[in-house]
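What follows is a short report on a single structure.
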Number of protein chains: 2
Amino acid sequence: MPATTSRLTGPIAAQDFASVFARLKPHMAALDVFLRNQLAAFEPEIRDMADYCIDTSGKRIRPALVFLSGWSGSDTPAGDLVRVAAVVELVHLATLVHDDIMDEADLRRSRQTAARQYGSEAAVLLGDALFSHALHLAAQFPTPEVCLTVADSTRKVCAGEIVQTLRRGTTNITRQDYFRVIDLKTAELFRLSCFLGTRLGGFPAELVEDASRFGRHLGIAYQIYDDLADFFGKEKSIGKTLGTDLVSGKVTLPLLVLLDRLPAEERAGLVDEILGRRQPDLPGRLRQMGEHGVFAAVAAEVETELLKAEEALAPHAGFAPVPLLRQLCDTLRYQVGSLQA
Amino acid sequence: MPATTSRLTGPIAAQDFASVFARLKPHMAALDVFLRNQLAAFEPEIRDMADYCIDTSGKRIRPALVFLSGWSGSDTPAGDLVRVAAVVELVHLATLVHDDIMDEADLRRSRQTAARQYGSEAAVLLGDALFSHALHLAAQFPTPEVCLTVADSTRKVCAGEIVQTLRRGTTNITRQDYFRVIDLKTAELFRLSCFLGTRLGGFPAELVEDASRFGRHLGIAYQIYDDLADFFGKEKSIGKTLGTDLVSGKVTLPLLVLLDRLPAEERAGLVDEILGRRQPDLPGRLRQMGEHGVFAAVAAEVETELLKAEEALAPHAGFAPVPLLRQLCDTLRYQVGSLQA
């Protein structure tokens, strides 16, 4: 289908940040059907709860990475890619369910979190059931490689979340500490998605390796953007409560930069807010971030990672997935830019 | 080694409830070494926490089931059985970590629970990391069958725990409801252990199937015993806080029988305790259980399941695992008996 192929590999306007995802419509529809069909595998008693978590309003970034990395030029999604996209999405959904318990967040994707809906105790186990089902699906591939890499990445994601949780309400965190956590908790699953996509797509080992590296840097960039959005986003458009990182004492890059740039006499107040010794003053902190150029400094870090991601793909320009994956970098640049709009 | 083999298949006194396990010493030692070696695979930041969970003081019942089901007559444990024993034990440890969050228990195996030690938030994720590592090990077998069955059983265990959690503090629970929950949350992993042990031991399909059925009934029997021990055990010897089921509003078989046998005018008080409307009166309830023959009624249910377990193995008396597995039934009978001593 040359017309389709040309539509899919042609240039897209960076302004239209949804366009890459729009091209994945048949793939995402197949993923939705696949995920819905999984509900029957859950024990009847927990089927409704699983259904609540497998909603369709998520951004499905990791499945998109799987589909784009495995891109063959066809509009018909390959069954293997759909299954593995479901695996990474279920792992991600499970971590969200557990995350929202930690964060005591009310909203996720503009709906009550599972923890609020069913209680945090049931949510712990519901997350477990989603994890287990993801690995059950991963084990259905003829070789154990998928299950092996998914389980390994899942453990890394958990390790990242644990370290982040244990550091809550402490301020002696370095930039290295911050990058280590986001590498584990976010970049690992982005990396895995690109690894599995190119691998199942049958691409050469060099591309598989470099696409994995691309995924990792894109994941780091995405998490920095997400942490920036927690301060500078619009609650309605990102669908979750803003300022939760400061409120919960989580020191992300915007706070690290602000801590670094504030004069010593003003720093103590912010430290007290992070340590939970006094009520966080979100509007005040946003004003200070404006005064000290925090947005630009953090956005520059996103850009550094995006350049590394693009560099990883540079030797492989001729392969079908490459132009599509690169467009994701522009998409993220656009999203960072629109936080300031 | 004929002397060893005869020692291992000879009759054991039911009074010596530890004797089957004593025979597994080299296997358990190999399991411990294997589990310790796994710590290196965990991210450095969470290694100490994983170490805390992989303690050596547990009963290791599920690994024992794996080793006994796969019994070849040799004192040297097969590598495959050690690995799969580690898998089921890690899944079990992960569920314990999550269970103790639900139960708000202080003690597990006479030590602080992971939730008390590290906080319940980190414990959620630590359980996840143990799960993931179990599935990572499961994926290292040449065929995906191990990973597939482990993931499936894990989801069932979680489903059982969820249903139990959602029923906390409700009294409209039938015996069928109770049996469904313990079938999922306990019997499933016992069943899996026997399935994987006989399967990896290379036994015929009929034995694999019947040993799985044996494991399931033994698991149901074991959970009923465990629920009985929550009322009638000795805190020091079972290493956990007693009476937690009543305190947390969990209606187990001893309470179901008591509810059934109490005169209507006395039942309301117990219902209020389960619903959390008034402080549970554990000594009073134990006295009532004595008056109404609750112990004997519940012990009879254990016996019913043990007979079903033994019956499953009846056609396979000639296979090496069978006499050993049957001894486990006598072991459990002895343990039930010693609750009353």
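Following the order of the structure tokens, first chain is A, next is B, and so on, with residues numbered from 1 inside each chain and ligands from 1 in the order they appear.
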- [ ] Please report, as a PyMOL selection string, each residue of range 122-157 of chain A to which DSSP assigns alpha helix (DSSP H) when run on this structure's backbone.
- [x] chain A and resi 122-138+145-157
Could you write those residues out with N, CA and C atoms, as a PDB file, in the first residue's frame?
ATOM      1  N   ALA A 122      -7.232  -3.228  48.372  1.00  0.00           N
ATOM      2  CA  ALA A 122      -7.598  -3.980  47.166  1.00  0.00           C
ATOM      3  C   ALA A 122      -6.728  -3.542  45.993  1.00  0.00           C
ATOM      4  N   ALA A 123      -6.357  -2.259  45.968  1.00  0.00           N
ATOM      5  CA  ALA A 123      -5.560  -1.752  44.853  1.00  0.00           C
ATOM      6  C   ALA A 123      -4.173  -2.395  44.813  1.00  0.00           C
ATOM      7  N   VAL A 124      -3.610  -2.683  45.978  1.00  0.00           N
ATOM      8  CA  VAL A 124      -2.314  -3.380  46.011  1.00  0.00           C
ATOM      9  C   VAL A 124      -2.428  -4.689  45.229  1.00  0.00           C
ATOM     10  N   LEU A 125      -3.468  -5.440  45.534  1.00  0.00           N
ATOM     11  CA  LEU A 125      -3.632  -6.766  44.951  1.00  0.00           C
ATOM     12  C   LEU A 125      -4.106  -6.708  43.508  1.00  0.00           C
ATOM     13  N   LEU A 126      -4.877  -5.676  43.189  1.00  0.00           N
ATOM     14  CA  LEU A 126      -5.324  -5.499  41.813  1.00  0.00           C
ATOM     15  C   LEU A 126      -4.119  -5.227  40.911  1.00  0.00           C
ATOM     16  N   GLY A 127      -3.207  -4.391  41.389  1.00  0.00           N
ATOM     17  CA  GLY A 127      -1.956  -4.159  40.658  1.00  0.00           C
ATOM     18  C   GLY A 127      -1.211  -5.470  40.448  1.00  0.00           C
ATOM     19  N   ASP A 128      -1.155  -6.300  41.499  1.00  0.00           N
ATOM     20  CA  ASP A 128      -0.490  -7.603  41.389  1.00  0.00           C
ATOM     21  C   ASP A 128      -1.140  -8.460  40.307  1.00  0.00           C
ATOM     22  N   ALA A 129      -2.463  -8.455  40.287  1.00  0.00           N
ATOM     23  CA  ALA A 129      -3.177  -9.280  39.310  1.00  0.00           C
ATOM     24  C   ALA A 129      -2.881  -8.799  37.881  1.00  0.00           C
ATOM     25  N   LEU A 130      -2.780  -7.477  37.707  1.00  0.00           N
ATOM     26  CA  LEU A 130      -2.441  -6.944  36.383  1.00  0.00           C
ATOM     27  C   LEU A 130      -1.019  -7.340  35.980  1.00  0.00           C
ATOM     28  N   PHE A 131      -0.080  -7.220  36.926  1.00  0.00           N
ATOM     29  CA  PHE A 131       1.303  -7.675  36.694  1.00  0.00           C
ATOM     30  C   PHE A 131       1.313  -9.139  36.251  1.00  0.00           C
ATOM     31  N   SER A 132       0.625  -9.966  37.026  1.00  0.00           N
ATOM     32  CA  SER A 132       0.647 -11.404  36.754  1.00  0.00           C
ATOM     33  C   SER A 132       0.088 -11.693  35.378  1.00  0.00           C
ATOM     34  N   HIS A 133      -0.988 -10.975  35.042  1.00  0.00           N
ATOM     35  CA  HIS A 133      -1.576 -11.258  33.742  1.00  0.00           C
ATOM     36  C   HIS A 133      -0.646 -10.807  32.621  1.00  0.00           C
ATOM     37  N   ALA A 134       0.045  -9.695  32.827  1.00  0.00           N
ATOM     38  CA  ALA A 134       1.021  -9.240  31.831  1.00  0.00           C
ATOM     39  C   ALA A 134       2.064 -10.331  31.597  1.00  0.00           C
ATOM     40  N   LEU A 135       2.549 -10.933  32.666  1.00  0.00           N
ATOM     41  CA  LEU A 135       3.592 -11.942  32.513  1.00  0.00           C
ATOM     42  C   LEU A 135       3.038 -13.242  31.949  1.00  0.00           C
ATOM     43  N   HIS A 136       1.778 -13.495  32.240  1.00  0.00           N
ATOM     44  CA  HIS A 136       1.109 -14.647  31.633  1.00  0.00           C
ATOM     45  C   HIS A 136       1.068 -14.489  30.101  1.00  0.00           C
ATOM     46  N   LEU A 137       0.728 -13.285  29.650  1.00  0.00           N
ATOM     47  CA  LEU A 137       0.714 -13.013  28.210  1.00  0.00           C
ATOM     48  C   LEU A 137       2.128 -13.076  27.622  1.00  0.00           C
ATOM     49  N   ALA A 138       3.088 -12.559  28.389  1.00  0.00           N
ATOM     50  CA  ALA A 138       4.480 -12.565  27.915  1.00  0.00           C
ATOM     51  C   ALA A 138       4.980 -13.997  27.739  1.00  0.00           C
ATOM     52  N   GLU A 145      12.215 -15.349  25.801  1.00  0.00           N
ATOM     53  CA  GLU A 145      12.894 -14.041  25.827  1.00  0.00           C
ATOM     54  C   GLU A 145      11.965 -12.900  26.261  1.00  0.00           C
ATOM     55  N   VAL A 146      10.734 -12.928  25.760  1.00  0.00           N
ATOM     56  CA  VAL A 146       9.815 -11.836  26.095  1.00  0.00           C
ATOM     57  C   VAL A 146       9.551 -11.827  27.601  1.00  0.00           C
ATOM     58  N   CYS A 147       9.203 -12.994  28.137  1.00  0.00           N
ATOM     59  CA  CYS A 147       8.908 -13.102  29.560  1.00  0.00           C
ATOM     60  C   CYS A 147      10.113 -12.681  30.402  1.00  0.00           C
ATOM     61  N   LEU A 148      11.276 -13.122  29.967  1.00  0.00           N
ATOM     62  CA  LEU A 148      12.526 -12.836  30.682  1.00  0.00           C
ATOM     63  C   LEU A 148      12.788 -11.331  30.741  1.00  0.00           C
ATOM     64  N   THR A 149      12.691 -10.666  29.596  1.00  0.00           N
ATOM     65  CA  THR A 149      13.011  -9.241  29.561  1.00  0.00           C
ATOM     66  C   THR A 149      11.912  -8.415  30.239  1.00  0.00           C
ATOM     67  N   VAL A 150      10.650  -8.849  30.093  1.00  0.00           N
ATOM     68  CA  VAL A 150       9.564  -8.110  30.742  1.00  0.00           C
ATOM     69  C   VAL A 150       9.703  -8.206  32.261  1.00  0.00           C
ATOM     70  N   ALA A 151       9.991  -9.412  32.763  1.00  0.00           N
ATOM     71  CA  ALA A 151      10.124  -9.590  34.212  1.00  0.00           C
ATOM     72  C   ALA A 151      11.299  -8.774  34.739  1.00  0.00           C
ATOM     73  N   ASP A 152      12.391  -8.773  33.993  1.00  0.00           N
ATOM     74  CA  ASP A 152      13.581  -8.040  34.404  1.00  0.00           C
ATOM     75  C   ASP A 152      13.294  -6.540  34.459  1.00  0.00           C
ATOM     76  N   SER A 153      12.655  -6.033  33.408  1.00  0.00           N
ATOM     77  CA  SER A 153      12.334  -4.604  33.376  1.00  0.00           C
ATOM     78  C   SER A 153      11.356  -4.240  34.486  1.00  0.00           C
ATOM     79  N   THR A 154      10.384  -5.118  34.725  1.00  0.00           N
ATOM     80  CA  THR A 154       9.406  -4.839  35.771  1.00  0.00           C
ATOM     81  C   THR A 154      10.112  -4.682  37.126  1.00  0.00           C
ATOM     82  N   ARG A 155      11.068  -5.573  37.386  1.00  0.00           N
ATOM     83  CA  ARG A 155      11.788  -5.462  38.658  1.00  0.00           C
ATOM     84  C   ARG A 155      12.540  -4.132  38.736  1.00  0.00           C
ATOM     85  N   LYS A 156      13.128  -3.712  37.619  1.00  0.00           N
ATOM     86  CA  LYS A 156      13.845  -2.430  37.617  1.00  0.00           C
ATOM     87  C   LYS A 156      12.879  -1.270  37.888  1.00  0.00           C
ATOM     88  N   VAL A 157      11.705  -1.323  37.242  1.00  0.00           N
ATOM     89  CA  VAL A 157      10.713  -0.265  37.464  1.00  0.00           C
ATOM     90  C   VAL A 157      10.362  -0.193  38.956  1.00  0.00           C
TER      91      VAL A 157
END
Open item on the list: Which residue is closest to Pro280 in chain A? Choose from A:Leu246, A:Leu107, A:Val181, A:Val91 and count only C-alpha atoms.
Closed with: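 The answer is A:Leu246, which sits nearest to Pro280 in chain A.
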Open item on the list: Calculated over only C-alpha atoms, which of the candidates A:Phe67, A:Phe319, A:Phe141, A:Tyr222 has the smallest distance to Gly197 in chain A?
Closed with: A:Phe67
Task: Shell of 8 Å around range 207-209 of chain A, only C-alpha atoms, local chain residues under 3 positions omitted, as a list in words - done: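 So the residues in contact are Cys194, Phe195, Thr198, Arg199, Phe203, Pro204, Ser212, Arg213, Leu313 and His316 of chain A.
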Open item on the list: Among range 78-277 of chain B, which residues does DSSP mark as strand (DSSP E) when it is run on the backbone? Keep the chain and numbering as in the structure and answer as number ranges by chain.
Closed with: B: 107-108, 111-112
Open item on the list: So that I can see what lies close to range 32-43 of chain B, please list as a VMD selection string the residues with an atom at most 9 Å from it, counting only C-alpha atoms and leaving out residues fewer than 2 positions away in the same chain.
Closed with: (chain A and resid 155 to 156 159 to 160) or (chain B and resid 27 to 30 45 to 48 50 to 51 54 to 56 82 to 83 86 90 129 133)
Take the residues from that selection and put them in a file with N, CA and C atoms, as a short mmCIF file (atom, residue, chain, number, x, y, z; two decimals), in the first residue's frame.
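And here is the file that came out, part_35.cif:
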data_model
loop_
_atom_site.label_atom_id
_atom_site.label_comp_id
_atom_site.auth_asym_id
_atom_site.auth_seq_id
_atom_site.Cartn_x
_atom_site.Cartn_y
_atom_site.Cartn_z
N ARG A 155 11.07 -5.57 37.39
CA ARG A 155 11.79 -5.46 38.66
C ARG A 155 12.54 -4.13 38.74
N LYS A 156 13.13 -3.71 37.62
CA LYS A 156 13.85 -2.43 37.62
C LYS A 156 12.88 -1.27 37.89
N ALA A 159 12.15 -1.23 41.49
CA ALA A 159 13.32 -0.75 42.26
C ALA A 159 13.36 0.78 42.21
N GLY A 160 13.13 1.34 41.02
CA GLY A 160 13.13 2.80 40.89
C GLY A 160 12.07 3.44 41.75
N HIS B 27 18.31 -30.34 50.11
CA HIS B 27 17.54 -29.60 49.11
C HIS B 27 17.27 -28.18 49.59
N MET B 28 16.91 -28.06 50.85
CA MET B 28 16.64 -26.73 51.40
C MET B 28 17.93 -25.90 51.47
N ALA B 29 19.03 -26.57 51.75
CA ALA B 29 20.32 -25.86 51.78
C ALA B 29 20.64 -25.33 50.38
N ALA B 30 20.40 -26.17 49.37
CA ALA B 30 20.64 -25.73 47.98
C ALA B 30 19.72 -24.57 47.62
N GLU B 45 20.17 -0.70 45.42
CA GLU B 45 19.39 0.09 46.37
C GLU B 45 18.37 -0.74 47.15
N ILE B 46 17.93 -1.86 46.58
CA ILE B 46 16.87 -2.62 47.26
C ILE B 46 17.35 -4.00 47.73
N ARG B 47 18.66 -4.23 47.62
CA ARG B 47 19.20 -5.55 47.94
C ARG B 47 18.97 -5.93 49.40
N ASP B 48 19.22 -4.98 50.30
CA ASP B 48 19.05 -5.28 51.73
C ASP B 48 17.60 -5.60 52.06
N ALA B 50 15.37 -6.88 49.97
CA ALA B 50 15.06 -8.21 49.42
C ALA B 50 15.63 -9.28 50.35
N ASP B 51 16.83 -9.03 50.84
CA ASP B 51 17.49 -9.95 51.76
C ASP B 51 16.63 -10.17 53.01
N ILE B 54 13.83 -12.52 52.04
CA ILE B 54 14.27 -13.90 51.75
C ILE B 54 14.97 -14.44 53.00
N ASP B 55 14.26 -14.52 54.09
CA ASP B 55 14.91 -15.01 55.31
C ASP B 55 14.94 -16.53 55.28
N THR B 56 15.57 -17.13 56.25
CA THR B 56 15.69 -18.59 56.23
C THR B 56 14.82 -19.24 57.30
N VAL B 82 15.43 -26.96 42.18
CA VAL B 82 15.86 -25.87 43.06
C VAL B 82 15.36 -24.53 42.52
N ARG B 83 15.53 -24.34 41.21
CA ARG B 83 15.13 -23.07 40.60
C ARG B 83 13.61 -22.86 40.72
N ALA B 86 12.55 -22.06 44.15
CA ALA B 86 12.83 -20.65 44.44
C ALA B 86 11.72 -19.77 43.86
N LEU B 90 9.45 -17.39 46.15
CA LEU B 90 9.48 -15.93 45.95
C LEU B 90 8.07 -15.38 45.72
N ALA B 129 8.77 -6.26 43.36
CA ALA B 129 10.11 -6.63 42.89
C ALA B 129 10.35 -8.13 43.10
N HIS B 133 11.00 -10.79 40.13
CA HIS B 133 12.18 -11.63 40.07
C HIS B 133 11.79 -13.10 39.97
#
With only C-alpha atoms as the counted atoms, please give the residues lying no more than 12 Å from Ile274 in chain B, apart from itself and same-chain residues fewer than 3 positions off, as a tab-separated table (two decimals) with N, CA and C atoms, in the first residue's frame.
chain	number	residue	atom	x	y	z
B	167	ARG	N	-14.14	-8.49	51.37
B	167	ARG	CA	-15.16	-9.04	52.27
B	167	ARG	C	-14.88	-8.74	53.73
B	168	ARG	N	-13.72	-8.14	54.00
B	168	ARG	CA	-13.40	-7.75	55.38
B	168	ARG	C	-14.55	-6.99	56.01
B	169	GLY	N	-14.86	-7.38	57.24
B	169	GLY	CA	-15.87	-6.61	57.96
B	169	GLY	C	-17.27	-6.80	57.41
B	170	THR	N	-17.50	-7.93	56.72
B	170	THR	CA	-18.86	-8.27	56.33
B	170	THR	C	-19.13	-9.67	56.88
B	171	THR	N	-20.39	-9.96	57.17
B	171	THR	CA	-20.69	-11.26	57.79
B	171	THR	C	-21.58	-12.15	56.92
B	172	ASN	N	-22.04	-11.63	55.79
B	172	ASN	CA	-22.88	-12.46	54.92
B	172	ASN	C	-22.02	-13.31	53.98
B	173	ILE	N	-21.23	-14.18	54.60
B	173	ILE	CA	-20.30	-15.01	53.85
B	173	ILE	C	-20.70	-16.47	54.04
B	243	GLY	N	-5.29	-14.14	66.77
B	243	GLY	CA	-6.57	-13.44	66.80
B	243	GLY	C	-6.69	-12.33	65.78
B	244	THR	N	-5.74	-12.26	64.84
B	244	THR	CA	-5.78	-11.15	63.87
B	244	THR	C	-7.00	-11.26	62.95
B	245	ASP	N	-7.47	-12.48	62.71
B	245	ASP	CA	-8.61	-12.61	61.79
B	245	ASP	C	-9.86	-11.95	62.37
B	246	LEU	N	-10.12	-12.22	63.65
B	246	LEU	CA	-11.28	-11.59	64.29
B	246	LEU	C	-11.10	-10.08	64.35
B	247	VAL	N	-9.91	-9.66	64.77
B	247	VAL	CA	-9.64	-8.22	64.91
B	247	VAL	C	-9.81	-7.49	63.58
B	248	SER	N	-9.38	-8.14	62.49
B	248	SER	CA	-9.46	-7.46	61.19
B	248	SER	C	-10.76	-7.76	60.45
B	249	GLY	N	-11.70	-8.44	61.12
B	249	GLY	CA	-13.01	-8.67	60.51
B	249	GLY	C	-13.01	-9.69	59.40
B	250	LYS	N	-12.05	-10.63	59.46
B	250	LYS	CA	-11.94	-11.66	58.42
B	250	LYS	C	-12.68	-12.91	58.90
B	251	VAL	N	-13.74	-13.27	58.18
B	251	VAL	CA	-14.57	-14.39	58.62
B	251	VAL	C	-14.02	-15.70	58.06
B	252	THR	N	-13.27	-16.42	58.89
B	252	THR	CA	-12.71	-17.71	58.49
B	252	THR	C	-13.61	-18.83	59.03
B	255	LEU	N	-14.88	-18.95	62.69
B	255	LEU	CA	-15.92	-17.95	62.96
B	255	LEU	C	-17.23	-18.31	62.28
B	256	LEU	N	-17.15	-18.84	61.06
B	256	LEU	CA	-18.37	-19.27	60.36
B	256	LEU	C	-19.11	-20.33	61.18
B	259	LEU	N	-20.56	-18.67	64.31
B	259	LEU	CA	-21.76	-17.89	63.95
B	259	LEU	C	-22.96	-18.81	63.77
B	267	ARG	N	-25.48	-14.17	68.89
B	267	ARG	CA	-24.81	-13.97	67.61
B	267	ARG	C	-24.57	-12.48	67.31
B	268	ALA	N	-25.54	-11.65	67.68
B	268	ALA	CA	-25.46	-10.22	67.36
B	268	ALA	C	-24.17	-9.59	67.88
B	269	GLY	N	-23.75	-10.00	69.07
B	269	GLY	CA	-22.53	-9.44	69.65
B	269	GLY	C	-21.31	-9.78	68.81
B	270	LEU	N	-21.24	-11.02	68.35
B	270	LEU	CA	-20.11	-11.43	67.52
B	270	LEU	C	-20.13	-10.70	66.18
B	271	VAL	N	-21.34	-10.57	65.61
B	271	VAL	CA	-21.46	-9.83	64.35
B	271	VAL	C	-20.93	-8.40	64.53
B	277	ARG	N	-17.89	-2.80	65.07
B	277	ARG	CA	-18.71	-1.89	65.87
B	277	ARG	C	-18.36	-1.94	67.34
B	278	ARG	N	-17.73	-3.06	67.73
B	278	ARG	CA	-17.21	-3.06	69.10
B	278	ARG	C	-15.95	-3.91	69.20
B	279	GLN	N	-15.19	-3.63	70.23
B	279	GLN	CA	-13.90	-4.26	70.50
B	279	GLN	C	-14.05	-5.79	70.55
B	280	PRO	N	-13.27	-6.53	69.77
B	280	PRO	CA	-13.39	-7.99	69.81
B	280	PRO	C	-12.98	-8.55	71.19
B	281	ASP	N	-13.73	-9.53	71.62
B	281	ASP	CA	-13.46	-10.18	72.91
B	281	ASP	C	-12.90	-11.57	72.61
B	282	LEU	N	-11.60	-11.63	72.36
B	282	LEU	CA	-10.98	-12.89	71.94
B	282	LEU	C	-11.12	-14.00	72.97
B	285	ARG	N	-14.64	-15.30	72.97
B	285	ARG	CA	-14.98	-16.07	71.76
B	285	ARG	C	-14.34	-17.44	71.78
Open item on the list: Please report the interatomic distance between CA of Gln288 in chain B and CA of Pro254 in chain B in Å with one decimal.
Closed with: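 One can read the CA of Gln288 in chain B to CA of Pro254 in chain B distance as 11.1 Å.
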Which residues are near range 303-309 of chain A? Cut-off 7 Å, only C-alpha atoms, ignore same chain within fewer than 2 positions. Put them as a CSV table (one decimal) with N, CA and C atoms, in the first residue's frame.
chain,number,residue,atom,x,y,z
A,213,ARG,N,18.4,2.0,23.0
A,213,ARG,CA,19.1,3.2,23.5
A,213,ARG,C,18.2,4.4,23.3
A,214,PHE,N,17.7,4.5,22.1
A,214,PHE,CA,16.7,5.6,21.8
A,214,PHE,C,15.6,5.6,22.8
A,217,HIS,N,16.6,7.0,26.2
A,217,HIS,CA,16.8,8.5,26.3
A,217,HIS,C,15.4,9.2,26.2
A,218,LEU,N,14.6,8.7,25.3
A,218,LEU,CA,13.2,9.2,25.1
A,218,LEU,C,12.5,9.1,26.5
A,220,ILE,N,13.8,9.0,29.5
A,220,ILE,CA,14.3,10.0,30.5
A,220,ILE,C,13.8,11.4,30.2
A,221,ALA,N,13.8,11.7,28.9
A,221,ALA,CA,13.2,13.0,28.5
A,221,ALA,C,11.8,13.1,28.9
A,299,ALA,N,13.8,22.4,30.7
A,299,ALA,CA,13.5,22.1,29.3
A,299,ALA,C,14.8,21.8,28.6
A,300,ALA,N,15.9,22.4,28.9
A,300,ALA,CA,17.2,22.2,28.3
A,300,ALA,C,17.7,20.7,28.6
A,301,GLU,N,17.3,20.2,29.7
A,301,GLU,CA,17.7,18.8,30.0
A,301,GLU,C,16.9,17.8,29.2
A,311,GLU,N,20.4,10.8,18.1
A,311,GLU,CA,21.8,10.3,17.7
A,311,GLU,C,21.8,8.8,17.7
A,312,ALA,N,21.1,8.1,18.6
A,312,ALA,CA,21.2,6.6,18.6
A,312,ALA,C,20.6,6.1,17.3
A,313,LEU,N,19.6,6.8,16.7
A,313,LEU,CA,19.0,6.3,15.5
A,313,LEU,C,19.7,6.7,14.2
A,329,CYS,N,10.3,12.5,19.1
A,329,CYS,CA,11.1,13.5,19.7
A,329,CYS,C,10.5,14.9,19.5
